[in-house]
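Next comes work.pdb, a file with PDB, C-alpha atoms, pLDDT in the B column.
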```pdb
ATOM      1  CA  MET Q   1     -11.150  -4.254  -7.533  1.00 93.00           C
ATOM      2  CA  LYS Q   2     -12.742  -0.792  -7.474  1.00 96.00           C
ATOM      3  CA  PHE Q   3     -12.980   1.763  -4.675  1.00 97.00           C
ATOM      4  CA  ALA Q   4     -16.721   1.103  -4.510  1.00 97.00           C
ATOM      5  CA  ASP Q   5     -15.963  -2.518  -3.617  1.00 97.00           C
ATOM      6  CA  PHE Q   6     -14.305  -1.637  -0.323  1.00 97.00           C
ATOM      7  CA  VAL Q   7     -14.613   2.089   0.517  1.00 98.00           C
ATOM      8  CA  LEU Q   8     -17.660   2.859   2.663  1.00 98.00           C
ATOM      9  CA  ALA Q   9     -18.942   5.996   0.967  1.00 97.00           C
ATOM     10  CA  GLU Q  10     -20.408   7.450   4.168  1.00 97.00           C
ATOM     11  CA  SER Q  11     -17.079   7.169   5.984  1.00 98.00           C
ATOM     12  CA  VAL Q  12     -14.853   9.328   3.779  1.00 98.00           C
ATOM     13  CA  GLN Q  13     -13.554  12.557   5.306  1.00 98.00           C
ATOM     14  CA  ALA Q  14     -12.377  15.632   3.419  1.00 97.00           C
ATOM     15  CA  SER Q  15     -10.800  17.316   6.380  1.00 96.00           C
ATOM     16  CA  LEU Q  16      -9.336  15.161   9.077  1.00 98.00           C
ATOM     17  CA  ALA Q  17      -9.007  17.053  12.355  1.00 97.00           C
ATOM     18  CA  ALA Q  18      -6.301  14.920  13.956  1.00 97.00           C
ATOM     19  CA  GLU Q  19      -2.764  16.232  13.925  1.00 95.00           C
ATOM     20  CA  ASP Q  20      -0.795  13.098  14.720  1.00 97.00           C
ATOM     21  CA  LYS Q  21      -0.554   9.492  13.638  1.00 97.00           C
ATOM     22  CA  ASP Q  22      -2.551   7.945  16.489  1.00 97.00           C
ATOM     23  CA  GLY Q  23      -5.229  10.589  16.133  1.00 98.00           C
ATOM     24  CA  VAL Q  24      -5.662  10.099  12.394  1.00 98.00           C
ATOM     25  CA  ILE Q  25      -5.971   6.336  12.753  1.00 98.00           C
ATOM     26  CA  ARG Q  26      -8.516   6.721  15.553  1.00 98.00           C
ATOM     27  CA  GLU Q  27     -10.503   9.303  13.585  1.00 98.00           C
ATOM     28  CA  MET Q  28     -10.648   7.116  10.489  1.00 98.00           C
ATOM     29  CA  VAL Q  29     -11.590   3.917  12.333  1.00 98.00           C
ATOM     30  CA  GLN Q  30     -14.284   5.895  14.162  1.00 98.00           C
ATOM     31  CA  SER Q  31     -15.634   7.028  10.791  1.00 98.00           C
ATOM     32  CA  LEU Q  32     -15.906   3.377   9.736  1.00 98.00           C
ATOM     33  CA  LEU Q  33     -17.822   2.666  12.930  1.00 98.00           C
ATOM     34  CA  ASP Q  34     -20.140   5.641  12.303  1.00 98.00           C
ATOM     35  CA  ALA Q  35     -20.764   4.361   8.768  1.00 97.00           C
ATOM     36  CA  GLY Q  36     -21.666   0.911  10.082  1.00 96.00           C
ATOM     37  CA  GLY Q  37     -18.560  -0.831   8.726  1.00 96.00           C
ATOM     38  CA  ILE Q  38     -17.331  -2.228  12.044  1.00 97.00           C
ATOM     39  CA  GLU Q  39     -18.804  -3.163  15.408  1.00 96.00           C
ATOM     40  CA  GLU Q  40     -18.513  -0.702  18.293  1.00 97.00           C
ATOM     41  CA  GLU Q  41     -17.014  -3.293  20.656  1.00 97.00           C
ATOM     42  CA  GLU Q  42     -14.215  -3.904  18.133  1.00 97.00           C
ATOM     43  CA  LEU Q  43     -13.164  -0.253  17.820  1.00 98.00           C
ATOM     44  CA  GLU Q  44     -10.280  -0.298  20.302  1.00 98.00           C
ATOM     45  CA  SER Q  45      -9.040  -3.691  19.168  1.00 98.00           C
ATOM     46  CA  ILE Q  46      -8.922  -2.541  15.534  1.00 98.00           C
ATOM     47  CA  ILE Q  47      -7.121   0.706  16.399  1.00 98.00           C
ATOM     48  CA  LYS Q  48      -4.602  -1.265  18.442  1.00 98.00           C
ATOM     49  CA  ALA Q  49      -4.010  -3.731  15.580  1.00 98.00           C
ATOM     50  CA  ILE Q  50      -3.419  -0.914  13.078  1.00 98.00           C
ATOM     51  CA  MET Q  51      -0.983   0.816  15.439  1.00 97.00           C
ATOM     52  CA  LYS Q  52       0.828  -2.481  15.938  1.00 97.00           C
ATOM     53  CA  ARG Q  53       1.219  -2.837  12.181  1.00 95.00           C
ATOM     54  CA  GLU Q  54       2.633   0.696  12.036  1.00 96.00           C
ATOM     55  CA  GLU Q  55       5.263  -0.331  14.576  1.00 95.00           C
ATOM     56  CA  LEU Q  56       6.592  -2.865  12.064  1.00 91.00           C
ATOM     57  CA  GLY Q  57       7.258   0.008   9.682  1.00 91.00           C
ATOM     58  CA  SER Q  58       5.275   3.053   8.683  1.00 94.00           C
ATOM     59  CA  THR Q  59       2.695   2.596   5.941  1.00 96.00           C
ATOM     60  CA  GLY Q  60       3.535   6.126   4.823  1.00 95.00           C
ATOM     61  CA  ILE Q  61       4.751   5.123   1.382  1.00 90.00           C
ATOM     62  CA  GLY Q  62       5.849   8.560   0.203  1.00 87.00           C
ATOM     63  CA  ARG Q  63       4.282  11.170  -2.090  1.00 88.00           C
ATOM     64  CA  GLY Q  64       2.135  12.329   0.822  1.00 94.00           C
ATOM     65  CA  VAL Q  65       0.263   9.026   1.041  1.00 95.00           C
ATOM     66  CA  ALA Q  66      -0.246   6.471   3.814  1.00 97.00           C
ATOM     67  CA  VAL Q  67      -2.200   3.224   3.812  1.00 97.00           C
ATOM     68  CA  PRO Q  68      -2.653   2.158   7.446  1.00 98.00           C
ATOM     69  CA  HIS Q  69      -4.141  -1.316   7.530  1.00 97.00           C
ATOM     70  CA  THR Q  70      -4.659  -4.501   9.466  1.00 97.00           C
ATOM     71  CA  LYS Q  71      -6.227  -7.901   9.288  1.00 96.00           C
ATOM     72  CA  HIS Q  72      -8.997  -8.301  11.826  1.00 97.00           C
ATOM     73  CA  PRO Q  73     -11.231 -11.280  12.542  1.00 97.00           C
ATOM     74  CA  SER Q  74     -14.264  -9.106  13.287  1.00 97.00           C
ATOM     75  CA  VAL Q  75     -14.812  -8.131   9.634  1.00 97.00           C
ATOM     76  CA  ASP Q  76     -16.154 -10.601   7.108  1.00 95.00           C
ATOM     77  CA  ARG Q  77     -15.259  -8.477   4.112  1.00 96.00           C
ATOM     78  CA  LEU Q  78     -12.651  -5.878   3.255  1.00 97.00           C
ATOM     79  CA  VAL Q  79     -13.718  -2.443   4.479  1.00 98.00           C
ATOM     80  CA  GLY Q  80     -11.882   0.801   3.913  1.00 98.00           C
ATOM     81  CA  THR Q  81     -12.119   4.539   4.104  1.00 98.00           C
ATOM     82  CA  VAL Q  82     -10.380   7.582   2.665  1.00 98.00           C
ATOM     83  CA  GLY Q  83      -9.342  10.715   4.539  1.00 98.00           C
ATOM     84  CA  VAL Q  84      -7.646  13.944   3.575  1.00 98.00           C
ATOM     85  CA  SER Q  85      -5.589  16.104   5.925  1.00 98.00           C
ATOM     86  CA  HIS Q  86      -5.050  19.566   4.540  1.00 96.00           C
ATOM     87  CA  ASP Q  87      -2.275  20.461   6.973  1.00 96.00           C
ATOM     88  CA  GLY Q  88      -0.641  17.057   6.657  1.00 97.00           C
ATOM     89  CA  VAL Q  89       0.441  14.712   9.438  1.00 97.00           C
ATOM     90  CA  ASP Q  90       3.864  13.391  10.393  1.00 97.00           C
ATOM     91  CA  PHE Q  91       3.513   9.669   9.713  1.00 96.00           C
ATOM     92  CA  GLN Q  92       7.214   8.704   9.699  1.00 94.00           C
ATOM     93  CA  SER Q  93       6.931   8.189   5.949  1.00 91.00           C
ATOM     94  CA  LEU Q  94       9.626   6.642   3.792  1.00 84.00           C
ATOM     95  CA  ASP Q  95      10.462  10.029   2.283  1.00 87.00           C
ATOM     96  CA  GLY Q  96      10.024  12.001   5.516  1.00 92.00           C
ATOM     97  CA  GLU Q  97       7.264  14.143   4.010  1.00 94.00           C
ATOM     98  CA  LYS Q  98       3.983  14.878   5.766  1.00 97.00           C
ATOM     99  CA  VAL Q  99       1.015  12.728   4.757  1.00 97.00           C
ATOM    100  CA  HIS Q 100      -2.093  14.331   3.280  1.00 98.00           C
ATOM    101  CA  LEU Q 101      -3.903  11.348   1.743  1.00 98.00           C
ATOM    102  CA  PHE Q 102      -4.944   8.359   3.843  1.00 98.00           C
ATOM    103  CA  PHE Q 103      -6.437   5.051   2.748  1.00 98.00           C
ATOM    104  CA  LEU Q 104      -7.297   2.838   5.720  1.00 98.00           C
ATOM    105  CA  LEU Q 105      -8.060  -0.853   5.181  1.00 98.00           C
ATOM    106  CA  ILE Q 106      -9.367  -3.611   7.457  1.00 98.00           C
ATOM    107  CA  SER Q 107      -9.464  -7.066   5.953  1.00 97.00           C
ATOM    108  CA  PRO Q 108     -10.567 -10.523   7.076  1.00 96.00           C
ATOM    109  CA  PRO Q 109      -7.493 -12.633   7.935  1.00 94.00           C
ATOM    110  CA  ASP Q 110      -8.372 -15.304   5.381  1.00 92.00           C
ATOM    111  CA  ARG Q 111      -8.667 -12.977   2.375  1.00 90.00           C
ATOM    112  CA  PRO Q 112      -5.136 -11.770   1.508  1.00 90.00           C
ATOM    113  CA  GLY Q 113      -6.038 -11.603  -2.182  1.00 93.00           C
ATOM    114  CA  ASP Q 114      -8.714  -8.954  -1.609  1.00 94.00           C
ATOM    115  CA  HIS Q 115      -6.279  -6.872   0.409  1.00 95.00           C
ATOM    116  CA  LEU Q 116      -3.699  -7.082  -2.394  1.00 95.00           C
ATOM    117  CA  ARG Q 117      -6.255  -6.123  -5.025  1.00 95.00           C
ATOM    118  CA  ALA Q 118      -7.329  -3.110  -2.973  1.00 96.00           C
ATOM    119  CA  LEU Q 119      -3.670  -2.067  -2.650  1.00 95.00           C
ATOM    120  CA  GLU Q 120      -3.310  -2.557  -6.392  1.00 95.00           C
ATOM    121  CA  ASN Q 121      -6.240  -0.255  -7.069  1.00 95.00           C
ATOM    122  CA  ILE Q 122      -5.030   2.401  -4.638  1.00 95.00           C
ATOM    123  CA  SER Q 123      -1.455   2.315  -5.926  1.00 94.00           C
ATOM    124  CA  ARG Q 124      -2.555   2.414  -9.567  1.00 92.00           C
ATOM    125  CA  GLN Q 125      -4.705   5.496  -8.995  1.00 94.00           C
ATOM    126  CA  LEU Q 126      -2.057   7.207  -6.898  1.00 92.00           C
ATOM    127  CA  ARG Q 127       0.420   6.928  -9.735  1.00 89.00           C
ATOM    128  CA  ASP Q 128      -1.722   9.479 -11.529  1.00 91.00           C
ATOM    129  CA  ASP Q 129      -0.737  12.976 -10.436  1.00 91.00           C
ATOM    130  CA  THR Q 130      -4.122  14.417 -11.396  1.00 94.00           C
ATOM    131  CA  PHE Q 131      -5.942  11.974  -9.118  1.00 95.00           C
ATOM    132  CA  CYS Q 132      -3.607  12.844  -6.226  1.00 94.00           C
ATOM    133  CA  ARG Q 133      -3.963  16.573  -6.804  1.00 94.00           C
ATOM    134  CA  PHE Q 134      -7.755  16.455  -7.002  1.00 96.00           C
ATOM    135  CA  LEU Q 135      -7.998  14.250  -3.931  1.00 97.00           C
ATOM    136  CA  LYS Q 136      -5.765  16.595  -1.967  1.00 96.00           C
ATOM    137  CA  GLN Q 137      -7.915  19.544  -3.054  1.00 96.00           C
ATOM    138  CA  SER Q 138     -11.182  17.871  -2.008  1.00 96.00           C
ATOM    139  CA  LYS Q 139     -13.211  20.203   0.171  1.00 96.00           C
ATOM    140  CA  THR Q 140     -16.163  17.968   0.987  1.00 98.00           C
ATOM    141  CA  ALA Q 141     -16.869  14.277   1.395  1.00 98.00           C
ATOM    142  CA  ASP Q 142     -18.963  14.536  -1.758  1.00 98.00           C
ATOM    143  CA  ASP Q 143     -15.889  15.754  -3.670  1.00 97.00           C
ATOM    144  CA  ILE Q 144     -14.038  12.617  -2.550  1.00 98.00           C
ATOM    145  CA  ARG Q 145     -16.943  10.318  -3.391  1.00 98.00           C
ATOM    146  CA  GLN Q 146     -17.196  11.832  -6.860  1.00 97.00           C
ATOM    147  CA  LEU Q 147     -13.455  11.487  -7.418  1.00 97.00           C
ATOM    148  CA  LEU Q 148     -13.455   7.841  -6.345  1.00 97.00           C
ATOM    149  CA  GLU Q 149     -16.362   7.192  -8.673  1.00 97.00           C
ATOM    150  CA  GLU Q 150     -14.496   8.807 -11.557  1.00 96.00           C
ATOM    151  CA  ALA Q 151     -11.448   6.689 -10.737  1.00 96.00           C
ATOM    152  CA  ASP Q 152     -13.640   3.577 -10.734  1.00 96.00           C
ATOM    153  CA  ASN Q 153     -14.806   4.601 -14.208  1.00 93.00           C
ATOM    154  CA  ASN Q 154     -11.193   4.619 -15.403  1.00 86.00           C
ATOM    155  CA  GLN Q 155     -10.879   8.349 -15.710  1.00 79.00           C
ATOM    156  CA  PHE Q 156      -7.479   8.283 -14.019  1.00 76.00           C
ATOM    157  CA  GLY Q 157      -4.519   5.978 -13.822  1.00 57.00           C
ATOM    158  CA  SER Q 158      -2.872   3.814 -16.373  1.00 52.00           C
TER     159      SER Q 158
ATOM    160  CA  MET Y 159      26.806  -1.061 -27.289  1.00 55.00           C
ATOM    161  CA  GLU Y 160      24.272  -1.530 -24.529  1.00 64.00           C
ATOM    162  CA  GLN Y 161      24.264  -4.901 -22.801  1.00 75.00           C
ATOM    163  CA  ARG Y 162      21.165  -7.016 -22.463  1.00 86.00           C
ATOM    164  CA  PRO Y 163      19.759  -6.901 -18.926  1.00 91.00           C
ATOM    165  CA  ALA Y 164      20.480  -9.792 -16.580  1.00 94.00           C
ATOM    166  CA  THR Y 165      17.270 -11.590 -15.605  1.00 97.00           C
ATOM    167  CA  ARG Y 166      16.093 -13.756 -12.734  1.00 97.00           C
ATOM    168  CA  ALA Y 167      12.811 -15.584 -12.161  1.00 97.00           C
ATOM    169  CA  LEU Y 168      11.196 -14.903  -8.785  1.00 97.00           C
ATOM    170  CA  ARG Y 169       8.313 -16.650  -7.102  1.00 96.00           C
ATOM    171  CA  VAL Y 170       6.107 -15.168  -4.406  1.00 96.00           C
ATOM    172  CA  GLY Y 171       6.129 -17.681  -1.540  1.00 94.00           C
ATOM    173  CA  ILE Y 172       4.260 -15.925   1.247  1.00 94.00           C
ATOM    174  CA  PRO Y 173       0.498 -16.455   1.670  1.00 92.00           C
ATOM    175  CA  GLU Y 174      -0.112 -12.690   1.849  1.00 92.00           C
ATOM    176  CA  GLY Y 175       1.362 -12.189  -1.615  1.00 94.00           C
ATOM    177  CA  LEU Y 176       3.620  -9.241  -2.411  1.00 95.00           C
ATOM    178  CA  HIS Y 177       2.029  -7.015   0.213  1.00 94.00           C
ATOM    179  CA  MET Y 178       3.112  -3.588   1.382  1.00 94.00           C
ATOM    180  CA  ARG Y 179       5.866  -4.523   3.785  1.00 93.00           C
ATOM    181  CA  ALA Y 180       7.339  -6.959   1.271  1.00 95.00           C
ATOM    182  CA  ALA Y 181       7.160  -4.305  -1.464  1.00 95.00           C
ATOM    183  CA  MET Y 182       8.938  -1.854   0.836  1.00 93.00           C
ATOM    184  CA  GLU Y 183      11.663  -4.417   1.522  1.00 94.00           C
ATOM    185  CA  VAL Y 184      12.143  -4.926  -2.219  1.00 96.00           C
ATOM    186  CA  ALA Y 185      12.373  -1.191  -2.908  1.00 94.00           C
ATOM    187  CA  LYS Y 186      14.700  -0.620   0.030  1.00 92.00           C
ATOM    188  CA  LEU Y 187      16.984  -3.476  -1.002  1.00 95.00           C
ATOM    189  CA  LEU Y 188      17.187  -2.437  -4.640  1.00 96.00           C
ATOM    190  CA  GLY Y 189      17.858   1.148  -3.626  1.00 95.00           C
ATOM    191  CA  ARG Y 190      21.231   0.000  -2.290  1.00 96.00           C
ATOM    192  CA  PHE Y 191      22.479  -1.078  -5.725  1.00 96.00           C
ATOM    193  CA  LYS Y 192      23.581   1.005  -8.665  1.00 96.00           C
ATOM    194  CA  SER Y 193      21.750  -1.303 -11.058  1.00 96.00           C
ATOM    195  CA  HIS Y 194      18.314  -0.367 -12.380  1.00 96.00           C
ATOM    196  CA  VAL Y 195      15.908  -3.250 -11.767  1.00 97.00           C
ATOM    197  CA  VAL Y 196      12.571  -3.724 -13.498  1.00 98.00           C
ATOM    198  CA  LEU Y 197      10.021  -6.239 -12.194  1.00 98.00           C
ATOM    199  CA  VAL Y 198       7.808  -7.871 -14.790  1.00 98.00           C
ATOM    200  CA  LYS Y 199       4.540  -9.720 -14.278  1.00 97.00           C
ATOM    201  CA  GLU Y 200       2.589 -10.858 -17.315  1.00 95.00           C
ATOM    202  CA  GLY Y 201       3.977  -8.042 -19.426  1.00 95.00           C
ATOM    203  CA  GLN Y 202       3.447  -5.358 -16.792  1.00 95.00           C
ATOM    204  CA  ARG Y 203       6.782  -3.684 -16.099  1.00 97.00           C
ATOM    205  CA  VAL Y 204       7.467  -1.670 -12.954  1.00 97.00           C
ATOM    206  CA  ASP Y 205      10.395   0.077 -11.310  1.00 97.00           C
ATOM    207  CA  GLY Y 206      11.737  -2.187  -8.548  1.00 97.00           C
ATOM    208  CA  CYS Y 207      12.592   0.827  -6.400  1.00 95.00           C
ATOM    209  CA  ASP Y 208       9.057   2.246  -6.400  1.00 93.00           C
ATOM    210  CA  VAL Y 209       6.727   0.842  -3.735  1.00 92.00           C
ATOM    211  CA  LEU Y 210       3.562   2.118  -5.422  1.00 91.00           C
ATOM    212  CA  GLN Y 211       4.547   0.528  -8.707  1.00 94.00           C
ATOM    213  CA  ILE Y 212       5.399  -2.799  -7.048  1.00 96.00           C
ATOM    214  CA  LEU Y 213       2.024  -2.830  -5.284  1.00 95.00           C
ATOM    215  CA  SER Y 214       0.282  -2.234  -8.596  1.00 94.00           C
ATOM    216  CA  LEU Y 215       1.458  -5.718  -9.665  1.00 96.00           C
ATOM    217  CA  ALA Y 216      -0.853  -7.321  -7.052  1.00 95.00           C
ATOM    218  CA  ALA Y 217       1.323 -10.442  -7.104  1.00 96.00           C
ATOM    219  CA  VAL Y 218      -0.386 -13.170  -5.072  1.00 95.00           C
ATOM    220  CA  GLN Y 219       1.171 -16.278  -3.546  1.00 94.00           C
ATOM    221  CA  HIS Y 220       2.766 -18.676  -6.062  1.00 95.00           C
ATOM    222  CA  GLU Y 221       2.837 -16.058  -8.825  1.00 96.00           C
ATOM    223  CA  GLU Y 222       6.029 -15.661 -10.783  1.00 96.00           C
ATOM    224  CA  LEU Y 223       7.799 -12.437 -11.652  1.00 97.00           C
ATOM    225  CA  THR Y 224      10.873 -11.729 -13.690  1.00 97.00           C
ATOM    226  CA  ALA Y 225      13.472  -9.264 -12.515  1.00 98.00           C
ATOM    227  CA  GLU Y 226      15.537  -7.509 -15.182  1.00 97.00           C
ATOM    228  CA  ALA Y 227      18.653  -5.709 -14.006  1.00 97.00           C
ATOM    229  CA  SER Y 228      20.846  -3.441 -16.056  1.00 96.00           C
ATOM    230  CA  GLY Y 229      23.956  -1.406 -15.378  1.00 94.00           C
ATOM    231  CA  ASP Y 230      26.572  -1.824 -12.671  1.00 95.00           C
ATOM    232  CA  GLN Y 231      25.907  -4.372  -9.916  1.00 95.00           C
ATOM    233  CA  ALA Y 232      23.152  -6.059 -11.945  1.00 96.00           C
ATOM    234  CA  GLU Y 233      24.087  -9.579 -10.853  1.00 96.00           C
ATOM    235  CA  GLU Y 234      24.568  -8.526  -7.241  1.00 96.00           C
ATOM    236  CA  ALA Y 235      21.167  -6.848  -7.159  1.00 97.00           C
ATOM    237  CA  LEU Y 236      19.458  -9.906  -8.633  1.00 97.00           C
ATOM    238  CA  ALA Y 237      21.181 -12.271  -6.198  1.00 97.00           C
ATOM    239  CA  ALA Y 238      20.138 -10.135  -3.235  1.00 97.00           C
ATOM    240  CA  LEU Y 239      16.598  -9.870  -4.574  1.00 97.00           C
ATOM    241  CA  ALA Y 240      16.347 -13.625  -5.123  1.00 97.00           C
ATOM    242  CA  ALA Y 241      17.554 -14.204  -1.562  1.00 96.00           C
ATOM    243  CA  LEU Y 242      14.888 -11.828  -0.259  1.00 96.00           C
ATOM    244  CA  PHE Y 243      12.145 -13.736  -2.121  1.00 96.00           C
ATOM    245  CA  ASP Y 244      13.583 -17.121  -1.104  1.00 95.00           C
ATOM    246  CA  ASN Y 245      13.565 -16.066   2.525  1.00 93.00           C
ATOM    247  CA  ASP Y 246       9.997 -14.787   2.311  1.00 92.00           C
ATOM    248  CA  PHE Y 247      11.105 -11.203   2.939  1.00 90.00           C
ATOM    249  CA  ALA Y 248      11.917 -12.061   6.549  1.00 76.00           C
ATOM    250  CA  GLU Y 249      15.660 -11.875   6.559  1.00 46.00           C
ATOM    251  CA  THR Y 250      16.346  -8.217   7.024  1.00 47.00           C
ATOM    252  CA  GLU Y 251      17.703  -7.202  10.395  1.00 44.00           C
ATOM    253  CA  GLU Y 252      14.718  -5.004  11.127  1.00 46.00           C
ATOM    254  CA  THR Y 253      11.966  -7.547  10.560  1.00 44.00           C
ATOM    255  CA  THR Y 254      13.883 -10.354  12.236  1.00 40.00           C
ATOM    256  CA  LYS Y 255      14.277  -8.191  15.278  1.00 42.00           C
ATOM    257  CA  GLU Y 256      10.612  -7.206  15.264  1.00 41.00           C
ATOM    258  CA  LYS Y 257       9.419 -10.772  14.965  1.00 40.00           C
ATOM    259  CA  GLY Y 258      11.564 -11.505  17.988  1.00 35.00           C
TER     260      GLY Y 258
END
```
Go ahead and render the structure in this file as structure tokens.
Amino acid sequence: MKFADFVLAESVQASLAAEDKDGVIREMVQSLLDAGGIEEEELESIIKAIMKREELGSTGIGRGVAVPHTKHPSVDRLVGTVGVSHDGVDFQSLDGEKVHLFFLLISPPDRPGDHLRALENISRQLRDDTFCRFLKQSKTADDIRQLLEEADNNQFGS
Amino acid sequence: MEQRPATRALRVGIPEGLHMRAAMEVAKLLGRFKSHVVLVKEGQRVDGCDVLQILSLAAVQHEELTAEASGDQAEEALAALAALFDNDFAETEETTKEKG
């Protein structure tokens, strides 16, 4: 699976304003709403579901990366977005470091395979230090879109 | 002379596949042992203590992996790992508590 298969290009954000976990999740879900990826009446329910998943254990997986996610019946396909926080956010990560790179995923409950393949793509790209560095240095949404496109064309990762 | 690694076949039982929380449980568990454990799926080899690497396996339900453990505590690490897979990653104190 490629980024283009699940990341809504119009939703990516090169400088997240939120300074805490709840705020980042809300900001990113709102960006999916603004990009037409989710329904307005589902906004609060989706945010709540993602926060509930975080309570089971932070999705801050270390190396300055977090992948907040949830299943939600209101989406009929996997939708995701990417956000960068230049100051970093305390996300209670495994390694205790602040998170700068966020990949947020919402998947239909009956499609666990798609969710896994999206995680596979994200994790494979993140193993490449150059990809991480460039993503962190992104100044505009266009920078992020270009980087994701390059990743989809196998210019990073193993 | 270096010993051959101990190996154990593992099968993913949960419908979600080896998802993030499961991968974190694997990495956390293996981090407690001195042994170095490599997970193998169809020739792809990853460090069992690295969540990102485990996720890059994208192991779906019913898929089989092989764990290869070397060094001290190899057998103990494999036994604990097999128990985690057999119990569908639900047997740690934390998740049991959270599931209520």
(message) Assuming the chain letters and numbering stay as they are in my file, what does the PyMOL selection byres ((chain Y) within 9 of (chain Q)) actually select? List them as a list of chain:residue names.
(response) Y:Pro173, Y:Glu174, Y:Gly175, Y:Leu176, Y:His177, Y:Met178, Y:Arg179, Y:Met182, Y:Val209, Y:Leu210, Y:Gln211, Y:Ile212, Y:Leu213, Y:Ser214, Y:Leu215, Y:Ala216, Y:Ala217, Y:Val218, Y:Gln219, Y:Glu252, Y:Thr253, Y:Glu256, Y:Lys257
(request) Within 8 Å of (10.7, -4.7, -3.8) (coordinates as in the file), grab all the protein and nucleic acid residues, counting all atoms listed in the file, and write them out as a PyMOL selection string. (result) chain Y and resi 180-188+206-209+212+239
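For the pair CA of Ile46 in chain Q and CA of Ser31 in chain Q, the separation is 12.6 Å.
Nearest-residue note for Arg162 in chain Y: choosing from Y:Val195, Y:Ala227, Y:Ala248, Y:Ala235, the minimum distance belongs to Y:Ala227, counting all atoms listed in the file.
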At a cut-off of 9 Å from (-5.6, 15.2, 10.1) in the coordinates of the file, what residues are picked up using only C-alpha atoms, written as a compact mmCIF listing (two decimals) with C-alpha atoms, keeping the file's coordinate frame?
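Generated output (part.txt):
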```
# COMPACT_ATOMS: atom_id res chain seq x y z
CA SER Q 15 -10.80 17.32 6.38
CA LEU Q 16 -9.34 15.16 9.08
CA ALA Q 17 -9.01 17.05 12.36
CA ALA Q 18 -6.30 14.92 13.96
CA GLU Q 19 -2.76 16.23 13.92
CA ASP Q 20 -0.80 13.10 14.72
CA LYS Q 21 -0.55 9.49 13.64
CA GLY Q 23 -5.23 10.59 16.13
CA VAL Q 24 -5.66 10.10 12.39
CA GLU Q 27 -10.50 9.30 13.58
CA GLY Q 83 -9.34 10.72 4.54
CA VAL Q 84 -7.65 13.94 3.58
CA SER Q 85 -5.59 16.10 5.92
CA HIS Q 86 -5.05 19.57 4.54
CA ASP Q 87 -2.28 20.46 6.97
CA GLY Q 88 -0.64 17.06 6.66
CA VAL Q 89 0.44 14.71 9.44
CA VAL Q 99 1.01 12.73 4.76
CA HIS Q 100 -2.09 14.33 3.28
```
(request) Using only C-alpha atoms, determine which residues lie at most 12 Å from Ile38 in chain Q, disregarding the query and same-chain residues fewer than 5 positions distant; provide the list as a PyMOL selection string. (result) chain Q and resi 8+11+28-33+43-47+72-81+105-108
Per-axis box centre and lengths in Å around range 221-233 of chain Y, 3 Å margin per side, axis-aligned, as lines of an AutoDock Vina configuration file:
```
center_x = 14.7
center_y = -8.7
center_z = -12.4
size_x = 29.7
size_y = 20.7
size_z = 13.2
```
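Nearest to Asp230 in chain Y of all the residues Y:Thr165, Y:Phe191, Y:Phe247, Y:Gly171 is Y:Phe191, based on all atoms listed in the file.
Matched in the shown structure by the PyMOL selection byres ((chain Y and resi 220-223) around 6): Ala167, Leu168, Arg169, Val170, Gly171, Val198, Lys199, Val218, Gln219 and Thr224 of chain Y.
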